[in-house]
file protein_22.pdb (PDB, C-alpha atoms, pLDDT in the B column)
ATOM      1  CA  MET R  25      75.118 -18.506  -3.716  1.00 50.00           C
ATOM      2  CA  TYR R  26      77.654 -18.524  -6.492  1.00 52.00           C
ATOM      3  CA  LEU R  27      76.905 -16.424  -9.569  1.00 56.00           C
ATOM      4  CA  PRO R  28      78.909 -17.678 -12.545  1.00 53.00           C
ATOM      5  CA  GLN R  29      81.526 -15.546 -14.230  1.00 63.00           C
ATOM      6  CA  ILE R  30      81.211 -17.751 -17.295  1.00 64.00           C
ATOM      7  CA  ASP R  31      77.824 -18.146 -18.916  1.00 74.00           C
ATOM      8  CA  ASN R  32      77.891 -21.348 -20.930  1.00 88.00           C
ATOM      9  CA  GLU R  33      76.082 -24.681 -20.922  1.00 90.00           C
ATOM     10  CA  ARG R  34      78.532 -26.465 -18.611  1.00 91.00           C
ATOM     11  CA  ALA R  35      78.735 -23.652 -16.054  1.00 92.00           C
ATOM     12  CA  THR R  36      74.952 -23.289 -16.051  1.00 93.00           C
ATOM     13  CA  LEU R  37      74.333 -27.012 -15.510  1.00 93.00           C
ATOM     14  CA  CYS R  38      77.043 -27.335 -12.854  1.00 94.00           C
ATOM     15  CA  ASN R  39      75.812 -24.264 -10.993  1.00 95.00           C
ATOM     16  CA  TYR R  40      72.193 -25.447 -10.983  1.00 95.00           C
ATOM     17  CA  LEU R  41      73.313 -28.837  -9.688  1.00 97.00           C
ATOM     18  CA  ASP R  42      75.492 -27.251  -7.015  1.00 96.00           C
ATOM     19  CA  VAL R  43      72.630 -25.017  -5.815  1.00 96.00           C
ATOM     20  CA  GLN R  44      70.272 -27.999  -5.482  1.00 97.00           C
ATOM     21  CA  LEU R  45      72.921 -30.020  -3.649  1.00 98.00           C
ATOM     22  CA  ASP R  46      73.507 -27.038  -1.323  1.00 97.00           C
ATOM     23  CA  ALA R  47      69.786 -26.977  -0.506  1.00 97.00           C
ATOM     24  CA  ILE R  48      69.622 -30.726   0.135  1.00 98.00           C
ATOM     25  CA  ARG R  49      72.644 -30.590   2.412  1.00 98.00           C
ATOM     26  CA  ALA R  50      71.385 -27.497   4.250  1.00 98.00           C
ATOM     27  CA  SER R  51      68.071 -29.240   4.998  1.00 98.00           C
ATOM     28  CA  SER R  52      69.841 -31.259   7.710  1.00 98.00           C
ATOM     29  CA  TYR R  53      71.557 -28.270   9.332  1.00 97.00           C
ATOM     30  CA  GLY R  54      71.047 -28.309  13.088  1.00 97.00           C
ATOM     31  CA  LEU R  55      69.151 -31.608  13.180  1.00 97.00           C
ATOM     32  CA  ASP R  56      70.086 -34.541  15.369  1.00 97.00           C
ATOM     33  CA  ASP R  57      69.896 -38.063  13.965  1.00 97.00           C
ATOM     34  CA  ASP R  58      66.376 -38.740  15.279  1.00 97.00           C
ATOM     35  CA  GLN R  59      65.066 -35.547  13.679  1.00 97.00           C
ATOM     36  CA  ALA R  60      66.860 -36.301  10.401  1.00 97.00           C
ATOM     37  CA  ARG R  61      65.211 -39.761  10.291  1.00 97.00           C
ATOM     38  CA  ARG R  62      61.749 -38.376  11.018  1.00 96.00           C
ATOM     39  CA  ALA R  63      59.169 -38.771   8.243  1.00 94.00           C
ATOM     40  CA  PRO R  64      56.475 -36.318   9.346  1.00 91.00           C
ATOM     41  CA  ARG R  65      54.384 -36.545   6.172  1.00 86.00           C
ATOM     42  CA  ARG R  66      52.402 -39.446   4.713  1.00 90.00           C
ATOM     43  CA  SER R  67      55.395 -40.735   2.751  1.00 89.00           C
ATOM     44  CA  THR R  68      58.362 -42.498   4.318  1.00 91.00           C
ATOM     45  CA  LEU R  69      60.782 -39.818   3.095  1.00 94.00           C
ATOM     46  CA  SER R  70      63.072 -38.246   5.658  1.00 97.00           C
ATOM     47  CA  ILE R  71      65.983 -35.805   5.447  1.00 98.00           C
ATOM     48  CA  SER R  72      68.345 -38.755   6.026  1.00 98.00           C
ATOM     49  CA  GLY R  73      66.618 -40.799   3.333  1.00 98.00           C
ATOM     50  CA  ILE R  74      66.771 -37.988   0.795  1.00 98.00           C
ATOM     51  CA  THR R  75      70.449 -37.435   1.578  1.00 98.00           C
ATOM     52  CA  LYS R  76      71.179 -41.151   1.133  1.00 98.00           C
ATOM     53  CA  HIS R  77      69.187 -41.325  -2.116  1.00 96.00           C
ATOM     54  CA  VAL R  78      70.964 -38.329  -3.657  1.00 98.00           C
ATOM     55  CA  VAL R  79      74.309 -39.957  -2.783  1.00 97.00           C
ATOM     56  CA  TYR R  80      73.068 -43.082  -4.544  1.00 93.00           C
ATOM     57  CA  CYS R  81      72.159 -41.047  -7.660  1.00 92.00           C
ATOM     58  CA  MET R  82      75.552 -39.338  -7.745  1.00 95.00           C
ATOM     59  CA  LYS R  83      77.377 -42.661  -7.261  1.00 93.00           C
ATOM     60  CA  GLN R  84      75.394 -44.264 -10.069  1.00 87.00           C
ATOM     61  CA  SER R  85      76.460 -41.419 -12.360  1.00 88.00           C
ATOM     62  CA  LEU R  86      80.059 -41.844 -11.321  1.00 88.00           C
ATOM     63  CA  SER R  87      79.877 -45.592 -11.914  1.00 82.00           C
ATOM     64  CA  GLY R  88      78.603 -44.902 -15.416  1.00 76.00           C
ATOM     65  CA  ALA R  89      81.646 -42.722 -15.931  1.00 59.00           C
ATOM     66  CA  GLY R  90      83.847 -45.616 -14.771  1.00 51.00           C
ATOM     67  CA  ARG R  91      84.787 -44.188 -11.376  1.00 49.00           C
ATOM     68  CA  HIS R  92      82.891 -46.619  -9.112  1.00 45.00           C
ATOM     69  CA  GLU R  93      81.739 -50.195  -9.448  1.00 48.00           C
ATOM     70  CA  HIS R  94      78.470 -50.220 -11.355  1.00 44.00           C
ATOM     71  CA  ASP R  95      75.799 -52.136  -9.468  1.00 52.00           C
ATOM     72  CA  GLN R  96      72.204 -51.433 -10.457  1.00 53.00           C
ATOM     73  CA  PRO R  97      69.870 -53.897  -8.729  1.00 62.00           C
ATOM     74  CA  PHE R  98      66.383 -52.561  -8.090  1.00 75.00           C
ATOM     75  CA  GLU R  99      66.738 -53.492  -4.431  1.00 81.00           C
ATOM     76  CA  ALA R 100      69.630 -51.028  -4.078  1.00 83.00           C
ATOM     77  CA  PHE R 101      67.555 -48.280  -5.684  1.00 82.00           C
ATOM     78  CA  PHE R 102      64.624 -48.778  -3.329  1.00 86.00           C
ATOM     79  CA  ALA R 103      66.933 -49.186  -0.318  1.00 90.00           C
ATOM     80  CA  SER R 104      68.576 -45.872  -1.186  1.00 93.00           C
ATOM     81  CA  PHE R 105      65.632 -43.989   0.343  1.00 95.00           C
ATOM     82  CA  THR R 106      66.044 -45.443   3.845  1.00 95.00           C
ATOM     83  CA  PRO R 107      69.175 -45.188   5.974  1.00 96.00           C
ATOM     84  CA  SER R 108      70.291 -48.340   7.746  1.00 95.00           C
ATOM     85  CA  ASP R 109      70.813 -48.352  11.511  1.00 94.00           C
ATOM     86  CA  ASP R 110      74.541 -47.632  11.092  1.00 94.00           C
ATOM     87  CA  GLU R 111      73.969 -44.677   8.716  1.00 96.00           C
ATOM     88  CA  ASP R 112      73.468 -41.708  11.009  1.00 97.00           C
ATOM     89  CA  ILE R 113      73.121 -38.201   9.606  1.00 98.00           C
ATOM     90  CA  VAL R 114      76.767 -37.359  10.321  1.00 98.00           C
ATOM     91  CA  THR R 115      77.958 -40.400   8.360  1.00 97.00           C
ATOM     92  CA  LEU R 116      75.502 -39.716   5.542  1.00 98.00           C
ATOM     93  CA  LEU R 117      76.697 -36.108   5.256  1.00 98.00           C
ATOM     94  CA  GLU R 118      80.348 -37.156   5.221  1.00 98.00           C
ATOM     95  CA  THR R 119      79.567 -39.549   2.363  1.00 98.00           C
ATOM     96  CA  PHE R 120      77.459 -36.867   0.648  1.00 98.00           C
ATOM     97  CA  ASP R 121      80.353 -34.395   0.753  1.00 98.00           C
ATOM     98  CA  GLU R 122      82.887 -36.922  -0.526  1.00 98.00           C
ATOM     99  CA  VAL R 123      80.721 -38.166  -3.393  1.00 98.00           C
ATOM    100  CA  ARG R 124      79.547 -34.636  -4.213  1.00 98.00           C
ATOM    101  CA  GLY R 125      83.162 -33.555  -4.699  1.00 98.00           C
ATOM    102  CA  GLU R 126      83.747 -36.371  -7.207  1.00 97.00           C
ATOM    103  CA  TYR R 127      80.405 -35.739  -8.899  1.00 96.00           C
ATOM    104  CA  MET R 128      81.025 -32.007  -9.313  1.00 97.00           C
ATOM    105  CA  ARG R 129      84.529 -32.692 -10.691  1.00 96.00           C
ATOM    106  CA  MET R 130      82.886 -34.956 -13.267  1.00 93.00           C
ATOM    107  CA  CYS R 131      80.389 -32.177 -14.010  1.00 93.00           C
ATOM    108  CA  ARG R 132      83.121 -29.565 -14.493  1.00 93.00           C
ATOM    109  CA  ASP R 133      85.517 -31.811 -16.421  1.00 92.00           C
ATOM    110  CA  GLY R 134      83.424 -34.455 -18.202  1.00 87.00           C
ATOM    111  CA  GLU R 135      82.819 -34.310 -21.929  1.00 90.00           C
ATOM    112  CA  LEU R 136      79.147 -33.280 -22.315  1.00 91.00           C
ATOM    113  CA  ASP R 137      78.770 -35.428 -25.431  1.00 92.00           C
ATOM    114  CA  ALA R 138      80.228 -38.520 -23.755  1.00 89.00           C
ATOM    115  CA  GLU R 139      77.769 -41.376 -23.382  1.00 88.00           C
ATOM    116  CA  LEU R 140      77.199 -43.434 -20.280  1.00 84.00           C
ATOM    117  CA  PRO R 141      74.585 -46.009 -19.311  1.00 81.00           C
ATOM    118  CA  VAL R 142      71.429 -44.646 -17.678  1.00 79.00           C
ATOM    119  CA  GLY R 143      68.616 -46.605 -16.104  1.00 74.00           C
ATOM    120  CA  PRO R 144      66.874 -48.947 -16.027  1.00 74.00           C
ATOM    121  CA  MET R 145      63.755 -47.032 -14.990  1.00 75.00           C
ATOM    122  CA  PRO R 146      60.912 -49.562 -14.952  1.00 76.00           C
ATOM    123  CA  TRP R 147      58.431 -46.997 -13.601  1.00 78.00           C
ATOM    124  CA  VAL R 148      58.508 -45.363 -17.073  1.00 82.00           C
ATOM    125  CA  GLY R 149      58.747 -48.654 -18.989  1.00 82.00           C
ATOM    126  CA  MET R 150      62.533 -48.629 -19.462  1.00 79.00           C
ATOM    127  CA  THR R 151      63.656 -52.054 -18.238  1.00 78.00           C
ATOM    128  CA  GLU R 152      67.225 -51.984 -19.587  1.00 80.00           C
ATOM    129  CA  ALA R 153      70.040 -49.484 -19.180  1.00 78.00           C
ATOM    130  CA  ARG R 154      70.511 -47.251 -22.221  1.00 83.00           C
ATOM    131  CA  PRO R 155      73.275 -44.922 -23.307  1.00 86.00           C
ATOM    132  CA  ALA R 156      72.690 -41.205 -22.789  1.00 88.00           C
ATOM    133  CA  LYS R 157      74.790 -38.099 -23.206  1.00 91.00           C
ATOM    134  CA  LEU R 158      76.315 -36.670 -20.052  1.00 90.00           C
ATOM    135  CA  ARG R 159      74.425 -33.401 -20.667  1.00 91.00           C
ATOM    136  CA  TYR R 160      71.136 -35.361 -20.495  1.00 91.00           C
ATOM    137  CA  LEU R 161      72.189 -36.798 -17.153  1.00 90.00           C
ATOM    138  CA  TYR R 162      72.908 -33.331 -15.764  1.00 93.00           C
ATOM    139  CA  VAL R 163      69.576 -31.924 -16.929  1.00 93.00           C
ATOM    140  CA  HIS R 164      67.825 -34.955 -15.447  1.00 92.00           C
ATOM    141  CA  HIS R 165      69.695 -34.445 -12.160  1.00 94.00           C
ATOM    142  CA  VAL R 166      68.746 -30.759 -12.042  1.00 96.00           C
ATOM    143  CA  GLU R 167      65.131 -31.980 -12.124  1.00 95.00           C
ATOM    144  CA  GLU R 168      65.743 -34.882  -9.733  1.00 95.00           C
ATOM    145  CA  PHE R 169      67.746 -32.917  -7.178  1.00 97.00           C
ATOM    146  CA  ALA R 170      65.338 -29.951  -7.301  1.00 97.00           C
ATOM    147  CA  ARG R 171      62.448 -32.327  -6.604  1.00 96.00           C
ATOM    148  CA  HIS R 172      64.293 -33.801  -3.631  1.00 97.00           C
ATOM    149  CA  ALA R 173      65.367 -30.379  -2.366  1.00 97.00           C
ATOM    150  CA  GLY R 174      61.669 -29.457  -2.379  1.00 97.00           C
ATOM    151  CA  HIS R 175      60.807 -32.658  -0.496  1.00 96.00           C
ATOM    152  CA  ALA R 176      63.508 -31.823   2.038  1.00 97.00           C
ATOM    153  CA  ASP R 177      62.123 -28.271   2.423  1.00 96.00           C
ATOM    154  CA  ILE R 178      58.656 -29.574   3.256  1.00 96.00           C
ATOM    155  CA  ILE R 179      59.961 -32.220   5.656  1.00 97.00           C
ATOM    156  CA  ARG R 180      62.196 -29.711   7.423  1.00 97.00           C
ATOM    157  CA  GLU R 181      59.367 -27.204   7.811  1.00 95.00           C
ATOM    158  CA  GLU R 182      57.270 -29.964   9.396  1.00 95.00           C
ATOM    159  CA  ILE R 183      60.055 -30.895  11.813  1.00 96.00           C
ATOM    160  CA  ASP R 184      60.833 -27.451  13.232  1.00 95.00           C
ATOM    161  CA  GLY R 185      59.549 -24.737  10.913  1.00 95.00           C
ATOM    162  CA  ALA R 186      62.970 -24.010   9.388  1.00 96.00           C
ATOM    163  CA  GLN R 187      62.914 -22.774   5.799  1.00 94.00           C
ATOM    164  CA  ALA R 188      65.494 -23.263   3.061  1.00 94.00           C
ATOM    165  CA  ALA R 189      66.587 -19.622   2.728  1.00 95.00           C
ATOM    166  CA  GLU R 190      67.259 -19.239   6.457  1.00 96.00           C
ATOM    167  CA  LEU R 191      69.053 -22.586   6.619  1.00 96.00           C
ATOM    168  CA  LEU R 192      71.282 -21.660   3.673  1.00 96.00           C
ATOM    169  CA  ALA R 193      72.019 -18.257   5.241  1.00 96.00           C
ATOM    170  CA  ALA R 194      73.064 -19.989   8.467  1.00 96.00           C
ATOM    171  CA  VAL R 195      75.195 -22.602   6.666  1.00 96.00           C
ATOM    172  CA  GLU R 196      76.912 -19.915   4.582  1.00 95.00           C
ATOM    173  CA  GLY R 197      77.375 -17.580   7.568  1.00 96.00           C
ATOM    174  CA  ARG R 198      75.521 -14.688   5.920  1.00 96.00           C
ATOM    175  CA  PRO R 199      74.206 -11.877   8.105  1.00 96.00           C
ATOM    176  CA  ALA R 200      70.502 -11.130   8.411  1.00 97.00           C
ATOM    177  CA  ASN R 201      68.975  -8.755   5.883  1.00 96.00           C
ATOM    178  CA  ASP R 202      65.507  -7.365   5.177  1.00 96.00           C
ATOM    179  CA  PHE R 203      64.429 -10.692   3.674  1.00 96.00           C
ATOM    180  CA  VAL R 204      66.185 -13.513   5.526  1.00 96.00           C
ATOM    181  CA  THR R 205      67.397 -14.090   9.063  1.00 96.00           C
ATOM    182  CA  PRO R 206      69.810 -17.024   9.358  1.00 97.00           C
ATOM    183  CA  TRP R 207      68.266 -20.011  11.143  1.00 96.00           C
ATOM    184  CA  GLN R 208      69.115 -20.551  14.791  1.00 93.00           C
ATOM    185  CA  ALA R 209      68.053 -23.400  17.044  1.00 87.00           C
ATOM    186  CA  ARG R 210      65.092 -22.417  19.198  1.00 79.00           C
TER     187      ARG R 210
END
call {"tool": "encode", "arguments": {"input": "protein_22.pdb", "output": "structure tokens"}}
result
Amino acid sequence: MYLPQIDNERATLCNYLDVQLDAIRASSYGLDDDQARRAPRRSTLSISGITKHVVYCMKQSLSGAGRHEHDQPFEAFFASFTPSDDEDIVTLLETFDEVRGEYMRMCRDGELDAELPVGPMPWVGMTEARPAKLRYLYVHHVEEFARHAGHADIIREEIDGAQAAELLAAVEGRPANDFVTPWQAR
């Protein structure tokens, strides 16, 4: 885990986002495609679906910043939770890494007071896109990505008992300590 050398609003927001994205990505560590598609709880959420949805969220932010085509149909939003047959976990993670790089560059370099369109979010009564400051988007994504990292934690524990701290230790190549032993396939 990266501890910032600079303690300011931008570094804090970017670091929180990066930590949540690390956790989401680590949730798939060591899973095959069938395991990553498994939805072991009552909802239809899976590790693959969460990964795809977070990519969708990052791409939407980038489109608002003029870096991707902006396409906001509700069907695309709802479809973002379920991988298609040709979206295996390897492909999803490759896309995640690529889009994450662009998204984090925007986070580090974007003007926090810049405005971009956000929404619509009909589930809270917002039926049209509205302008919002980039800093609002980052705070919202800290919340959004933390929620999905938590979903991924629960799903992963149901699949094989793996927990976030041990997955992150394995991904980062950290040695075992008194608190965490890196995850290994059983």
call {"tool": "residues_around", "arguments": {"input": "protein_22.pdb", "residues": "Glu190 in chain R", "least_positions_apart": "5", "cutoff": "7 Å", "atoms": "all atoms listed in the file", "output": "PyMOL selection string"}}
result
chain R and resi 204-207
call {"tool": "closest_residue", "arguments": {"input": "protein_22.pdb", "among": "R:Val148, R:Ala35, R:Gly73, R:Asp177", "to": "Gly134 in chain R", "atoms": "all atoms listed in the file"}}
result
R:Ala35
call {"tool": "residues_around", "arguments": {"input": "protein_22.pdb", "residues": "range 42-58 of chain R", "least_positions_apart": "5", "cutoff": "6 Å", "atoms": "all atoms listed in the file", "output": "PDB file with C-alpha atoms, keeping the file's coordinate frame"}}
result
ATOM      1  CA  ASP R 112      73.468 -41.708  11.009  1.00 97.00           C
ATOM      2  CA  ILE R 113      73.121 -38.201   9.606  1.00 98.00           C
ATOM      3  CA  PHE R 169      67.746 -32.917  -7.178  1.00 97.00           C
ATOM      4  CA  ALA R 170      65.338 -29.951  -7.301  1.00 97.00           C
ATOM      5  CA  ALA R 173      65.367 -30.379  -2.366  1.00 97.00           C
ATOM      6  CA  LEU R 191      69.053 -22.586   6.619  1.00 96.00           C
ATOM      7  CA  LEU R 192      71.282 -21.660   3.673  1.00 96.00           C
TER       8      LEU R 192
END
call {"tool": "residues_around", "arguments": {"input": "protein_22.pdb", "residues": "Lys157 in chain R", "least_positions_apart": "5", "cutoff": "9 Å", "atoms": "only C-alpha atoms", "output": "list in words"}}
result
Glu135, Leu136, Asp137, Ala138, Glu139, Leu140 and Pro141 of chain R
call {"tool": "axis_aligned_box", "arguments": {"input": "protein_22.pdb", "around": "range 160-170 of chain R", "padding_each_side": "4 Å", "output": "JSON"}}
result
{"center_x": 69.0, "center_y": -33.4, "center_z": -13.8, "size_x": 15.8, "size_y": 14.8, "size_z": 21.3}
call {"tool": "resolve_selection", "arguments": {"input": "protein_22.pdb", "expression": "the PyMOL selection byres ((chain R and resi 105) around 7)", "output": "PyMOL selection string"}}
result
chain R and resi 69+73-74+76-77+102-104+106-107
call {"tool": "residues_near_point", "arguments": {"input": "protein_22.pdb", "point": "(64.3, -37.0, 8.3)", "cutoff": "7 Å", "atoms": "all atoms listed in the file", "output": "JSON, numbers by chain"}}
result
{"R": [59, 60, 61, 62, 63, 69, 70, 71, 72, 73, 179]}
